[in-house]
Structures are given as C-alpha cells and as structure tokens.
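Okay, structure34.cif is below, mmCIF, C-alpha atoms and all ligand atoms:
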```cif
data_model
#
loop_
_atom_site.label_atom_id
_atom_site.label_comp_id
_atom_site.auth_asym_id
_atom_site.auth_seq_id
_atom_site.Cartn_x
_atom_site.Cartn_y
_atom_site.Cartn_z
CA MET A 1 77.97 110.30 66.92
CA ARG A 2 81.53 110.65 68.06
CA TRP A 3 82.15 106.98 68.71
CA SER A 4 81.30 105.77 65.25
CA ILE A 5 83.90 108.06 63.68
CA ALA A 6 86.60 106.55 65.87
CA ALA A 7 85.37 103.03 65.17
CA ILE A 8 85.62 103.60 61.42
CA LEU A 9 89.12 105.03 61.75
CA LEU A 10 90.28 102.15 63.90
CA SER A 11 88.66 99.39 61.89
CA SER A 12 90.38 100.68 58.77
CA LEU A 13 93.76 99.91 60.31
CA ILE A 14 95.39 96.59 59.48
CA VAL A 15 94.74 94.04 62.19
CA GLN A 16 97.75 91.88 62.96
CA GLY A 17 96.95 90.36 66.33
CA ALA A 18 98.14 91.72 69.64
CA HIS A 19 101.90 91.48 69.88
CA ALA A 20 104.01 91.34 72.96
CA GLN A 21 106.18 94.41 72.47
CA PRO A 22 105.07 97.94 73.03
CA HIS A 23 105.52 100.01 69.93
CA ALA A 24 106.55 103.52 69.17
CA SER A 25 105.06 104.20 65.79
CA GLY A 26 105.15 107.95 66.21
CA GLN A 27 101.65 108.01 64.79
CA GLN A 28 99.89 111.19 65.75
CA ASN A 29 96.23 111.44 66.45
CA ASN A 30 94.33 112.67 63.48
CA ALA A 31 92.91 116.15 63.81
CA SER A 32 89.46 114.61 63.56
CA ASN A 33 90.01 112.60 66.71
CA PRO A 34 86.84 113.32 68.63
CA SER A 35 88.40 113.07 72.07
CA ARG A 36 88.21 116.19 74.10
CA THR A 37 88.32 117.39 77.60
CA THR A 38 85.83 119.95 78.67
CA PRO A 39 87.53 123.25 79.53
CA GLN A 40 87.57 123.46 83.30
CA ALA A 41 88.48 125.95 85.93
CA PRO A 42 91.82 124.97 87.49
CA PHE A 43 91.32 122.10 89.90
CA ARG A 44 91.63 123.12 93.52
CA MET A 45 92.24 120.17 95.75
CA PRO A 46 90.51 120.51 99.13
CA ALA A 47 92.35 119.74 102.35
CA SER A 48 90.41 116.47 102.73
CA GLU A 49 91.84 115.07 99.46
CA GLN A 50 95.30 116.47 100.18
CA LYS A 51 95.24 114.56 103.45
CA ASN A 52 93.92 111.45 101.72
CA ILE A 53 96.92 111.48 99.37
CA ALA A 54 99.41 112.40 102.10
CA ASP A 55 98.13 109.53 104.26
CA ASN A 56 98.84 107.05 101.45
CA PRO A 57 102.38 107.80 100.28
CA SER A 58 102.52 104.68 98.07
CA TRP A 59 99.88 106.27 95.82
CA THR A 60 102.48 108.71 94.53
CA ALA A 61 105.62 106.59 95.04
CA PRO A 62 107.66 105.95 91.88
CA GLN A 63 107.70 102.46 90.42
CA LYS A 64 109.70 101.26 87.43
CA PRO A 65 107.32 99.98 84.74
CA PHE A 66 107.55 96.32 83.82
CA ARG A 67 105.91 93.58 81.79
CA ILE A 68 103.27 91.58 83.64
CA HIS A 69 102.55 89.12 80.84
CA GLY A 70 102.61 89.41 77.07
CA ASN A 71 101.23 92.80 76.08
CA THR A 72 100.18 93.78 79.63
CA TRP A 73 102.43 96.19 81.52
CA TYR A 74 102.52 97.80 84.95
CA VAL A 75 102.86 101.59 84.60
CA GLY A 76 101.43 102.94 87.87
CA PRO A 77 102.94 104.32 91.04
CA ARG A 78 103.92 101.67 93.57
CA GLY A 79 100.61 101.67 95.39
CA LEU A 80 97.95 102.01 92.69
CA GLY A 81 97.37 99.55 89.87
CA VAL A 82 97.61 101.30 86.50
CA PHE A 83 97.96 98.98 83.53
CA LEU A 84 98.93 99.42 79.88
CA ILE A 85 97.87 96.94 77.23
CA THR A 86 99.65 97.31 73.90
CA ALA A 87 98.49 96.24 70.45
CA PRO A 88 99.31 97.17 66.83
CA THR A 89 95.95 98.89 66.53
CA GLY A 90 96.48 101.12 69.55
CA ASP A 91 97.10 100.89 73.24
CA VAL A 92 94.79 100.86 76.23
CA LEU A 93 95.41 102.32 79.67
CA ILE A 94 93.42 101.27 82.73
CA ASP A 95 93.07 103.92 85.45
CA GLY A 96 95.04 107.06 86.15
CA GLY A 97 96.04 107.15 89.83
CA VAL A 98 95.47 110.21 92.00
CA TYR A 99 95.62 113.83 90.90
CA GLY A 100 99.31 114.46 90.28
CA ASP A 101 100.13 110.89 89.16
CA ALA A 102 99.71 111.61 85.45
CA ALA A 103 103.33 112.78 84.98
CA LEU A 104 104.67 109.64 86.68
CA ILE A 105 102.40 107.37 84.60
CA GLU A 106 103.31 109.16 81.36
CA ALA A 107 107.03 108.85 82.14
CA ASN A 108 106.56 105.12 82.78
CA ILE A 109 104.72 104.68 79.49
CA ARG A 110 107.44 106.55 77.58
CA ALA A 111 110.12 104.46 79.32
CA LEU A 112 108.57 101.40 77.67
CA GLY A 113 109.03 103.04 74.27
CA VAL A 114 105.34 103.74 73.85
CA ASN A 115 104.15 106.99 72.28
CA LEU A 116 101.46 108.60 74.42
CA ARG A 117 99.46 109.38 71.29
CA ASP A 118 99.19 105.65 70.54
CA ILE A 119 96.92 105.25 73.58
CA LYS A 120 93.43 105.16 72.15
CA TRP A 121 91.38 104.34 75.22
CA ILE A 122 91.60 105.03 78.92
CA LEU A 123 89.39 102.68 80.92
CA ASN A 124 88.36 103.41 84.48
CA SER A 125 87.79 100.83 87.20
CA HIS A 126 85.72 103.20 89.32
CA ALA A 127 85.11 106.89 89.85
CA HIS A 128 87.16 107.51 92.99
CA SER A 129 90.00 109.99 93.27
CA ASP A 130 92.70 107.32 93.65
CA HIS A 131 91.90 105.76 90.25
CA ALA A 132 90.36 108.64 88.31
CA GLY A 133 92.39 111.58 89.66
CA GLY A 134 94.92 111.59 86.83
CA ILE A 135 92.57 110.69 84.00
CA ALA A 136 91.61 114.20 82.85
CA ARG A 137 95.24 115.09 82.22
CA LEU A 138 96.06 111.68 80.73
CA ALA A 139 93.12 112.04 78.33
CA ARG A 140 94.31 115.51 77.35
CA ASP A 141 97.92 114.43 76.79
CA THR A 142 97.13 111.21 74.90
CA GLY A 143 94.01 112.26 73.01
CA ALA A 144 92.48 108.97 74.19
CA GLN A 145 88.79 108.41 74.73
CA VAL A 146 87.72 107.66 78.28
CA ILE A 147 85.51 104.60 78.75
CA ALA A 148 83.79 103.74 82.03
CA GLY A 149 80.88 101.86 83.55
CA ALA A 150 77.66 103.68 82.66
CA ALA A 151 76.61 104.14 86.27
CA ASP A 152 79.93 105.81 87.10
CA ALA A 153 79.94 108.22 84.16
CA PRO A 154 78.00 110.96 85.99
CA LEU A 155 80.33 110.72 89.01
CA LEU A 156 83.37 111.02 86.71
CA GLU A 157 81.84 113.97 84.89
CA ARG A 158 81.23 115.82 88.14
CA GLY A 159 84.75 115.10 89.40
CA GLY A 160 83.76 112.84 92.30
CA HIS A 161 81.43 115.37 93.89
CA ASP A 162 78.26 114.13 95.54
CA ASP A 163 79.63 110.60 95.98
CA PRO A 164 77.07 108.32 97.70
CA GLN A 165 79.56 107.52 100.47
CA TYR A 166 82.10 110.33 100.45
CA ASP A 167 79.97 113.30 99.44
CA ASP A 168 82.44 116.07 98.42
CA ARG A 169 85.47 114.95 100.41
CA PHE A 170 87.58 113.37 97.64
CA PRO A 171 87.10 115.28 94.39
CA PHE A 172 89.28 115.08 91.28
CA PRO A 173 89.43 116.97 87.97
CA PRO A 174 86.20 116.20 86.08
CA VAL A 175 86.53 113.58 83.36
CA HIS A 176 84.69 113.63 80.04
CA VAL A 177 83.41 110.09 79.38
CA SER A 178 83.36 109.27 75.66
CA ARG A 179 81.74 105.88 76.04
CA ALA A 180 79.71 104.38 78.88
CA VAL A 181 79.58 100.58 78.99
CA THR A 182 77.27 98.07 80.60
CA ASP A 183 77.70 94.55 81.93
CA GLY A 184 79.23 92.10 79.45
CA GLU A 185 80.06 94.69 76.81
CA HIS A 186 83.06 93.86 74.61
CA LEU A 187 85.42 96.57 73.43
CA GLU A 188 87.36 95.67 70.31
CA LEU A 189 90.52 97.45 69.24
CA GLY A 190 91.61 95.28 66.33
CA ALA A 191 92.58 91.91 67.79
CA LEU A 192 92.52 93.22 71.32
CA VAL A 193 89.23 92.57 73.08
CA LEU A 194 88.40 93.85 76.55
CA THR A 195 85.24 92.93 78.40
CA ALA A 196 83.48 95.07 81.00
CA HIS A 197 81.93 93.22 83.93
CA ALA A 198 79.66 95.34 86.12
CA THR A 199 80.69 94.82 89.73
CA PRO A 200 78.71 97.56 91.48
CA GLY A 201 78.67 98.40 95.17
CA HIS A 202 81.97 100.12 95.86
CA THR A 203 80.63 102.61 93.32
CA LYS A 204 77.48 102.22 91.26
CA GLY A 205 79.46 101.78 88.04
CA ASN A 206 82.43 99.88 89.47
CA THR A 207 83.81 97.75 86.63
CA THR A 208 86.01 94.66 86.47
CA TRP A 209 87.94 94.56 83.19
CA THR A 210 89.09 91.31 81.57
CA TRP A 211 91.21 90.52 78.52
CA ILE A 212 93.58 87.83 77.27
CA SER A 213 97.32 88.35 76.97
CA CYS A 214 99.62 85.94 75.17
CA GLU A 215 103.35 85.38 75.48
CA HIS A 216 105.00 82.72 73.31
CA GLN A 217 101.59 81.10 72.66
CA HIS A 218 100.96 81.09 76.42
CA CYS A 219 97.63 82.89 76.66
CA LEU A 220 96.23 83.87 80.04
CA HIS A 221 93.04 85.43 81.36
CA MET A 222 93.92 88.81 82.83
CA VAL A 223 91.47 90.32 85.33
CA ASP A 224 91.62 93.82 86.79
CA VAL A 225 89.28 93.07 89.69
CA GLY A 226 87.02 95.94 90.69
CA SER A 227 87.27 96.93 94.33
CA LEU A 228 84.74 95.17 96.57
CA SER A 229 85.67 96.99 99.77
CA THR A 230 83.38 99.06 102.01
CA PRO A 231 85.66 101.53 103.86
CA GLY A 232 83.39 103.46 106.21
CA TYR A 233 80.37 102.71 104.00
CA HIS A 234 76.75 103.11 105.05
CA LEU A 235 75.29 99.83 103.88
CA ILE A 236 71.77 100.22 105.25
CA ASP A 237 69.23 103.02 104.99
CA ASN A 238 71.46 104.86 102.54
CA PRO A 239 69.16 107.09 100.51
CA ASN A 240 72.00 107.81 98.07
CA TYR A 241 72.39 104.13 97.24
CA PRO A 242 69.33 102.07 98.30
CA ASP A 243 70.39 98.97 96.29
CA ILE A 244 73.92 98.76 97.65
CA VAL A 245 73.51 95.42 99.44
CA LYS A 246 71.97 93.72 96.42
CA ASP A 247 74.68 95.17 94.18
CA PHE A 248 77.53 93.93 96.37
CA GLU A 249 76.01 90.46 96.54
CA HIS A 250 75.88 90.38 92.74
CA SER A 251 79.50 91.52 92.53
CA PHE A 252 80.95 88.92 94.93
CA ALA A 253 79.41 86.18 92.79
CA ALA A 254 80.44 87.82 89.51
CA VAL A 255 84.11 88.16 90.46
CA ALA A 256 84.28 84.63 91.90
CA ALA A 257 82.90 83.19 88.64
CA LEU A 258 85.38 84.85 86.26
CA PRO A 259 88.01 82.86 84.37
CA CYS A 260 91.06 84.32 86.11
CA ASP A 261 94.71 83.38 85.65
CA ILE A 262 96.47 86.61 86.60
CA PRO A 263 94.44 88.69 89.06
CA LEU A 264 95.29 92.39 89.00
CA ALA A 265 93.63 95.13 91.01
CA PRO A 266 93.42 98.87 91.59
CA HIS A 267 94.97 98.32 95.04
CA ARG A 268 97.96 96.05 95.60
CA GLU A 269 96.69 94.42 98.78
CA MET A 270 93.54 93.11 97.10
CA VAL A 271 95.30 90.26 95.30
CA GLY A 272 98.76 90.10 96.89
CA PHE A 273 100.26 91.52 93.71
CA TRP A 274 103.67 92.62 94.97
CA GLU A 275 104.21 89.40 96.88
CA ARG A 276 103.71 87.50 93.62
CA VAL A 277 105.99 89.91 91.74
CA ALA A 278 108.71 89.32 94.36
CA LYS A 279 108.40 85.56 93.94
CA ARG A 280 108.80 85.92 90.19
CA GLU A 281 111.88 88.09 90.67
CA HIS A 282 113.31 85.28 92.80
CA GLY A 283 112.99 82.78 90.00
CA ASN A 284 109.44 81.45 90.02
CA ALA A 285 108.52 82.34 86.43
CA ASN A 286 104.82 81.60 86.92
CA ALA A 287 104.41 83.34 90.27
CA LEU A 288 102.02 85.95 88.88
CA VAL A 289 99.55 83.21 87.99
CA ASP A 290 97.07 82.66 90.82
CA LEU A 291 94.14 80.58 89.67
CA SER A 292 92.24 81.05 92.92
CA GLY A 293 93.10 84.74 93.37
CA CYS A 294 89.85 86.24 92.10
CA ARG A 295 87.72 83.76 94.06
CA ALA A 296 89.76 84.28 97.22
CA TYR A 297 89.46 88.06 96.98
CA ALA A 298 85.70 87.86 96.44
CA GLN A 299 85.35 85.53 99.42
CA ASP A 300 87.44 87.72 101.73
CA ALA A 301 85.54 90.84 100.64
CA ARG A 302 82.20 89.08 101.13
CA GLU A 303 83.10 88.03 104.68
CA ASP A 304 84.22 91.56 105.53
CA PHE A 305 81.06 92.99 103.97
CA GLU A 306 78.75 90.57 105.81
CA ALA A 307 80.39 91.33 109.16
CA LYS A 308 79.97 95.08 108.62
CA LEU A 309 76.40 94.67 107.41
CA ALA A 310 75.47 92.55 110.45
CA LYS A 311 76.99 95.13 112.79
CA GLN A 312 75.22 98.02 111.09
CA ARG A 313 71.90 96.15 111.29
CA THR A 314 72.45 95.36 114.97
CA ASP A 315 73.41 98.96 115.73
CA ALA A 316 70.35 100.23 113.87
CA ALA A 317 68.06 97.86 115.77
CA THR A 318 69.44 98.88 119.16
CA THR A 319 69.12 102.58 118.49
CA LYS A 320 65.51 102.33 117.34
ZN ZN B 1 87.39 103.34 95.64
#
```
Take the structure from the file and write it as structure tokens.
Amino acid sequence: MRWSIAAILLSSLIVQGAHAQPHASGQQNNASNPSRTTPQAPFRMPASEQKNIADNPSWTAPQKPFRIHGNTWYVGPRGLGVFLITAPTGDVLIDGGVYGDAALIEANIRALGVNLRDIKWILNSHAHSDHAGGIARLARDTGAQVIAGAADAPLLERGGHDDPQYDDRFPFPPVHVSRAVTDGEHLELGALVLTAHATPGHTKGNTTWTWISCEHQHCLHMVDVGSLSTPGYHLIDNPNYPDIVKDFEHSFAAVAALPCDIPLAPHREMVGFWERVAKREHGNANALVDLSGCRAYAQDAREDFEAKLAKQRTDAATTK
C-alpha cells in the first residue's frame, strides 16, 4: 500500500503549524518515496491541442509569483490558476497548467525560495489539458504524489483521451494518480488540512479544494473553485455522461454553500481574480477577500447552464 508508507514518513515529522514563509530546507525525497511516473512514449501533441494552446496565449504567459495570503502563493502562468501552499511538513501544489507550463511553474516555485523536492502532493482540480497538462513532468521533477477526484483518475491516467465532451481533441501526458479522493475527504499534511469537495459536471471528478491560510492570526477560508462551465457541452442525451445535469445541479449548490473568504479558480475570469489583485496593488489590503465570490460564481454558472440546457431541450424537441 503505497500511501501508508508516505503517511508514516510524514506523520513522523515534527508538526509545527503552517507558517507563512516558504522554506528551502534542501530536504531530498527519500529513496523509498513511492511516487513514480509510468514510463511513457514521448508525448505528441495533436494539432487540435496545439491550436487550443495557441488560441489562449495567457495560458503560457509568464507571471511573477506572489503571496496571495499567508502560506498560499500564486505560481502559475498569467492565465491559469496554479497555487502553492507551503507548510513545515511539506508543500502542496494545485494544478499544473498546460503541457509546456511545467518549466515556468517550477521557476516560479524556485523564485519563492522553495525546493521542488519539498512539494509532497500535487492536487488536480480536473482532468483537462489546461490544468493537468504539466502535471506528469511536475510529478517527475518534484517526486510528489498526485491526488485527484476519484472519478477523474481514469481520465488523468489515460491522458485526457476519451473525454465525455472532447473525445481525443485535447490530450496531455498521462498522469499516474497516487490517491483518488471522494467528496468531503480531508488530506492532512501535518497542520495543513485540505478538503476535497466533489463538484462534478465539468468533468466527472471535478474537485473544489478548500483550506485555511493564516497571516498574523488572520485566518481565511481559501477556495479553489472547480470549474462549473459548459463550453460546447452536450447536456442532454449524452451517453458518455448520462448524469451530467444532476451532477451540475449538485455542484452549483455545493459551491454556493462553502465558507469562502478568498475565492480562487483554475481560470482567472471565474472569480475576477486579477481585478482584485490590481485593487490590492493600489492600496486596498483586503481586496482579495470576496465573501460573496463563490456564491456569485455558482449563480452565474447556473444561469448560463440553465439557458444552454433549455436551448438544447428545445432544439431536441423541434428536431424530433
Ligand atoms: Zn476544463
């Protein structure tokens, strides 16, 4: 049981409570670290994914890393949320951008003074190429274990092929998932606790991650909201995902109900992230706090979803 070995190793470390500075202990992963990546043939990116990346230049645009709050840091490219959470017992990375973003993310992490080998876990928000594309290399370079929603693990393992909506259009290097989590599961890395909230629909295992970050005794609920969008999705009569409507309805309610002080997201436009960052840079120290941000995103996504669903139902009825 690979996981239990890691748990014993980690729990034997001294727990001091999550601190607000990234660390550079120089600690190397023990040779017994069970993380691995399955040997793969070199990844060949099809023209459809090359175009996907070329059409979204912000996904590969450089961005200086910075502190969001306490031990939570932004380390992604400009257009894709990738977050680092630091703690004395090891660090956690959420998402890995597109294929090719790993070098940029690793440089950002190093720029914060963090040793890549101190990253113990890489969490995934969902198994699409713009959030999972860099994970295989990041897992290899850090030795971290990859953790994802159980229903997305097969899609990660097959590198995005046979996606219920996208089929084989947007593949990425296959990712070995060390641990698959279900709704409400807590992950404990010393004093750092992350919770997985299943928010299925966008993918079957789409996951919203929550944790608490403190800065000078000011502790806030951090939420990396799972995507609730339906770009080009077939919402009815989809044999690859018959429960998609029920799943989305669950997820709108789940996200709206979360304690949420600082909403984060895989995509910047979901929660107006950069607008809030700009306000903070102009002197509003609390501008990243948006107590209604998670609810507002869920409501907007629900309205968009319901409009698309109604149209698809009308179209289906008229063509029958
Ligand atoms: Zn997606």
Kindly assemble as a tab-separated table a list of the chain A residues that lie within 9 Å of ligand ZN 1 (chain B), each paired with its nearest atom pair and their distance in Å to one decimal, using only C-alpha atoms and all ligand atoms, sorted first by chain and then by ascending residue number.
```
residue	atom	partner	partner_atom	distance
A:Ser125	CA	B:ZN1	ZN	8.8
A:His126	CA	B:ZN1	ZN	6.5
A:Ala127	CA	B:ZN1	ZN	7.2
A:His128	CA	B:ZN1	ZN	4.9
A:Ser129	CA	B:ZN1	ZN	7.5
A:Asp130	CA	B:ZN1	ZN	6.9
A:His131	CA	B:ZN1	ZN	7.4
A:His202	CA	B:ZN1	ZN	6.3
A:Thr203	CA	B:ZN1	ZN	7.2
A:Asn206	CA	B:ZN1	ZN	8.6
A:Gly226	CA	B:ZN1	ZN	8.9
A:Ser227	CA	B:ZN1	ZN	6.5
A:Leu228	CA	B:ZN1	ZN	8.6
A:Ser229	CA	B:ZN1	ZN	7.8
A:Thr230	CA	B:ZN1	ZN	8.7
A:Pro231	CA	B:ZN1	ZN	8.6
A:Pro266	CA	B:ZN1	ZN	8.5
```
Residues within 9 Å of region 212-220 of chain A, please, as a list in words. Count all atoms listed in the file; anything in the same chain fewer than 3 positions from it doesn't count. Ala18, His19, Ala20, His69, Gly70, Asn71, Thr72, Ile85, Leu192, Val193, Leu194, Val223, Cys260, Asp261, Ile262 and Val289 of chain A
Selection near Arg137 (chain A), 12 Å with all atoms listed in the file, sequence-local residues under 4 positions removed, as number ranges by chain: A: 36-40, 42-43, 95-106, 116, 122, 132-133, 141-146, 172-176
Write the selection just made, keeping C-alpha atoms, as a PDB file, keeping the file's coordinate frame?
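Result went into part26.pdb, see below:
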```
ATOM      1  CA  ARG A  36      88.210 116.190  74.100  1.00  0.00           C
ATOM      2  CA  THR A  37      88.320 117.390  77.600  1.00  0.00           C
ATOM      3  CA  THR A  38      85.830 119.950  78.670  1.00  0.00           C
ATOM      4  CA  PRO A  39      87.530 123.250  79.530  1.00  0.00           C
ATOM      5  CA  GLN A  40      87.570 123.460  83.300  1.00  0.00           C
ATOM      6  CA  PRO A  42      91.820 124.970  87.490  1.00  0.00           C
ATOM      7  CA  PHE A  43      91.320 122.100  89.900  1.00  0.00           C
ATOM      8  CA  ASP A  95      93.070 103.920  85.450  1.00  0.00           C
ATOM      9  CA  GLY A  96      95.040 107.060  86.150  1.00  0.00           C
ATOM     10  CA  GLY A  97      96.040 107.150  89.830  1.00  0.00           C
ATOM     11  CA  VAL A  98      95.470 110.210  92.000  1.00  0.00           C
ATOM     12  CA  TYR A  99      95.620 113.830  90.900  1.00  0.00           C
ATOM     13  CA  GLY A 100      99.310 114.460  90.280  1.00  0.00           C
ATOM     14  CA  ASP A 101     100.130 110.890  89.160  1.00  0.00           C
ATOM     15  CA  ALA A 102      99.710 111.610  85.450  1.00  0.00           C
ATOM     16  CA  ALA A 103     103.330 112.780  84.980  1.00  0.00           C
ATOM     17  CA  LEU A 104     104.670 109.640  86.680  1.00  0.00           C
ATOM     18  CA  ILE A 105     102.400 107.370  84.600  1.00  0.00           C
ATOM     19  CA  GLU A 106     103.310 109.160  81.360  1.00  0.00           C
ATOM     20  CA  LEU A 116     101.460 108.600  74.420  1.00  0.00           C
ATOM     21  CA  ILE A 122      91.600 105.030  78.920  1.00  0.00           C
ATOM     22  CA  ALA A 132      90.360 108.640  88.310  1.00  0.00           C
ATOM     23  CA  GLY A 133      92.390 111.580  89.660  1.00  0.00           C
ATOM     24  CA  ASP A 141      97.920 114.430  76.790  1.00  0.00           C
ATOM     25  CA  THR A 142      97.130 111.210  74.900  1.00  0.00           C
ATOM     26  CA  GLY A 143      94.010 112.260  73.010  1.00  0.00           C
ATOM     27  CA  ALA A 144      92.480 108.970  74.190  1.00  0.00           C
ATOM     28  CA  GLN A 145      88.790 108.410  74.730  1.00  0.00           C
ATOM     29  CA  VAL A 146      87.720 107.660  78.280  1.00  0.00           C
ATOM     30  CA  PHE A 172      89.280 115.080  91.280  1.00  0.00           C
ATOM     31  CA  PRO A 173      89.430 116.970  87.970  1.00  0.00           C
ATOM     32  CA  PRO A 174      86.200 116.200  86.080  1.00  0.00           C
ATOM     33  CA  VAL A 175      86.530 113.580  83.360  1.00  0.00           C
ATOM     34  CA  HIS A 176      84.690 113.630  80.040  1.00  0.00           C
TER      35      HIS A 176
END
```
Region 316-319 of chain A: which residues within 12 Å, counting all atoms listed in the file, same-chain residues fewer than 2 positions away excluded, as a ChimeraX atom specification? /A:234-237,309-314
Excluding Lys204 (chain A) and residues on its chain fewer than 5 positions from it, collect all residues at most 12 Å away from it, counting all atoms listed in the file, and give them as a PyMOL selection string. chain A and resi 125-128+148-156+163-165+182+198-199+226-228+240-248+251
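The space between CA of Cys294 (chain A) and CA of Val225 (chain A) spans 7.3 Å.
You can rank A:Ala196, A:Ala253, A:Val271, A:Ala287 by their closest distance to Arg302 (chain A) using only C-alpha atoms, and at the top of that list sits A:Ala253.
Between Ser178 (chain A) and the candidates A:Lys64, A:Lys120, A:Glu275, A:Met270, the tightest atom-to-atom separation, counting all atoms listed in the file, involves A:Lys120.
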In terms of all atoms listed in the file, the residue from A:Ala87, A:His267, A:His282, A:Trp73 at minimal distance from Ser58 (chain A) is A:His267
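In this structure, CA of Ile135 (chain A) sits 11.3 Å away from CA of Glu157 (chain A).
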May I ask for the distance between CA of Asp315 (chain A) and CA of Gln299 (chain A), given in Å to one decimal place? 24.3 Å
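Nearest-residue note for His221 (chain A): choosing from A:Asp167, A:Leu288, A:Ala107, A:Asp300, the minimum distance belongs to A:Leu288, counting all atoms listed in the file.
Each of A:Tyr233, A:Asn124, A:Ala61, A:His161 was compared to Thr207 (chain A) using all atoms listed in the file, and A:Asn124 turns out to be the nearest.
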Rebuild N, CA and C atoms on region 209-230 of chain A, as a short mmCIF file (atom, residue, chain, number, x, y, z; two decimals), in the frame of the given file?
```
data_model
loop_
_atom_site.label_atom_id
_atom_site.label_comp_id
_atom_site.auth_asym_id
_atom_site.auth_seq_id
_atom_site.Cartn_x
_atom_site.Cartn_y
_atom_site.Cartn_z
N TRP A 209 87.55 94.69 84.60
CA TRP A 209 87.94 94.56 83.19
C TRP A 209 88.70 93.26 82.97
N THR A 210 88.37 92.54 81.89
CA THR A 210 89.09 91.31 81.57
C THR A 210 89.57 91.34 80.12
N TRP A 211 90.68 90.66 79.87
CA TRP A 211 91.21 90.52 78.52
C TRP A 211 92.17 89.32 78.54
N ILE A 212 92.64 88.96 77.37
CA ILE A 212 93.58 87.83 77.27
C ILE A 212 94.90 88.36 76.75
N SER A 213 95.98 87.99 77.44
CA SER A 213 97.32 88.35 76.97
C SER A 213 98.11 87.09 76.69
N CYS A 214 98.85 87.11 75.59
CA CYS A 214 99.62 85.94 75.17
C CYS A 214 101.11 86.26 75.16
N GLU A 215 101.89 85.26 75.53
CA GLU A 215 103.35 85.38 75.48
C GLU A 215 103.88 84.03 75.03
N HIS A 216 104.51 83.98 73.86
CA HIS A 216 105.00 82.72 73.31
C HIS A 216 103.88 81.67 73.30
N GLN A 217 102.76 82.00 72.77
CA GLN A 217 101.59 81.10 72.66
C GLN A 217 100.98 80.76 74.02
N HIS A 218 101.49 81.35 75.07
CA HIS A 218 100.96 81.09 76.42
C HIS A 218 99.95 82.19 76.72
N CYS A 219 98.68 81.88 76.54
CA CYS A 219 97.63 82.89 76.66
C CYS A 219 96.92 82.77 78.00
N LEU A 220 96.79 83.88 78.68
CA LEU A 220 96.23 83.87 80.04
C LEU A 220 95.09 84.88 80.17
N HIS A 221 94.14 84.53 81.03
CA HIS A 221 93.04 85.43 81.36
C HIS A 221 93.53 86.46 82.38
N MET A 222 93.54 87.72 81.95
CA MET A 222 93.92 88.81 82.83
C MET A 222 92.64 89.44 83.40
N VAL A 223 92.66 89.73 84.69
CA VAL A 223 91.47 90.32 85.33
C VAL A 223 91.90 91.49 86.21
N ASP A 224 91.41 92.68 85.89
CA ASP A 224 91.62 93.82 86.79
C ASP A 224 90.36 93.90 87.66
N VAL A 225 90.45 93.26 88.82
CA VAL A 225 89.28 93.07 89.69
C VAL A 225 88.83 94.42 90.25
N GLY A 226 87.57 94.72 90.09
CA GLY A 226 87.02 95.94 90.69
C GLY A 226 87.02 95.82 92.21
N SER A 227 87.23 96.94 92.86
CA SER A 227 87.27 96.93 94.33
C SER A 227 85.92 96.50 94.90
N LEU A 228 85.96 95.63 95.90
CA LEU A 228 84.74 95.17 96.57
C LEU A 228 84.75 95.57 98.04
N SER A 229 85.53 96.58 98.37
CA SER A 229 85.67 96.99 99.77
C SER A 229 84.60 98.01 100.16
N THR A 230 84.44 98.17 101.49
CA THR A 230 83.38 99.06 102.01
C THR A 230 83.95 99.97 103.11
#
```
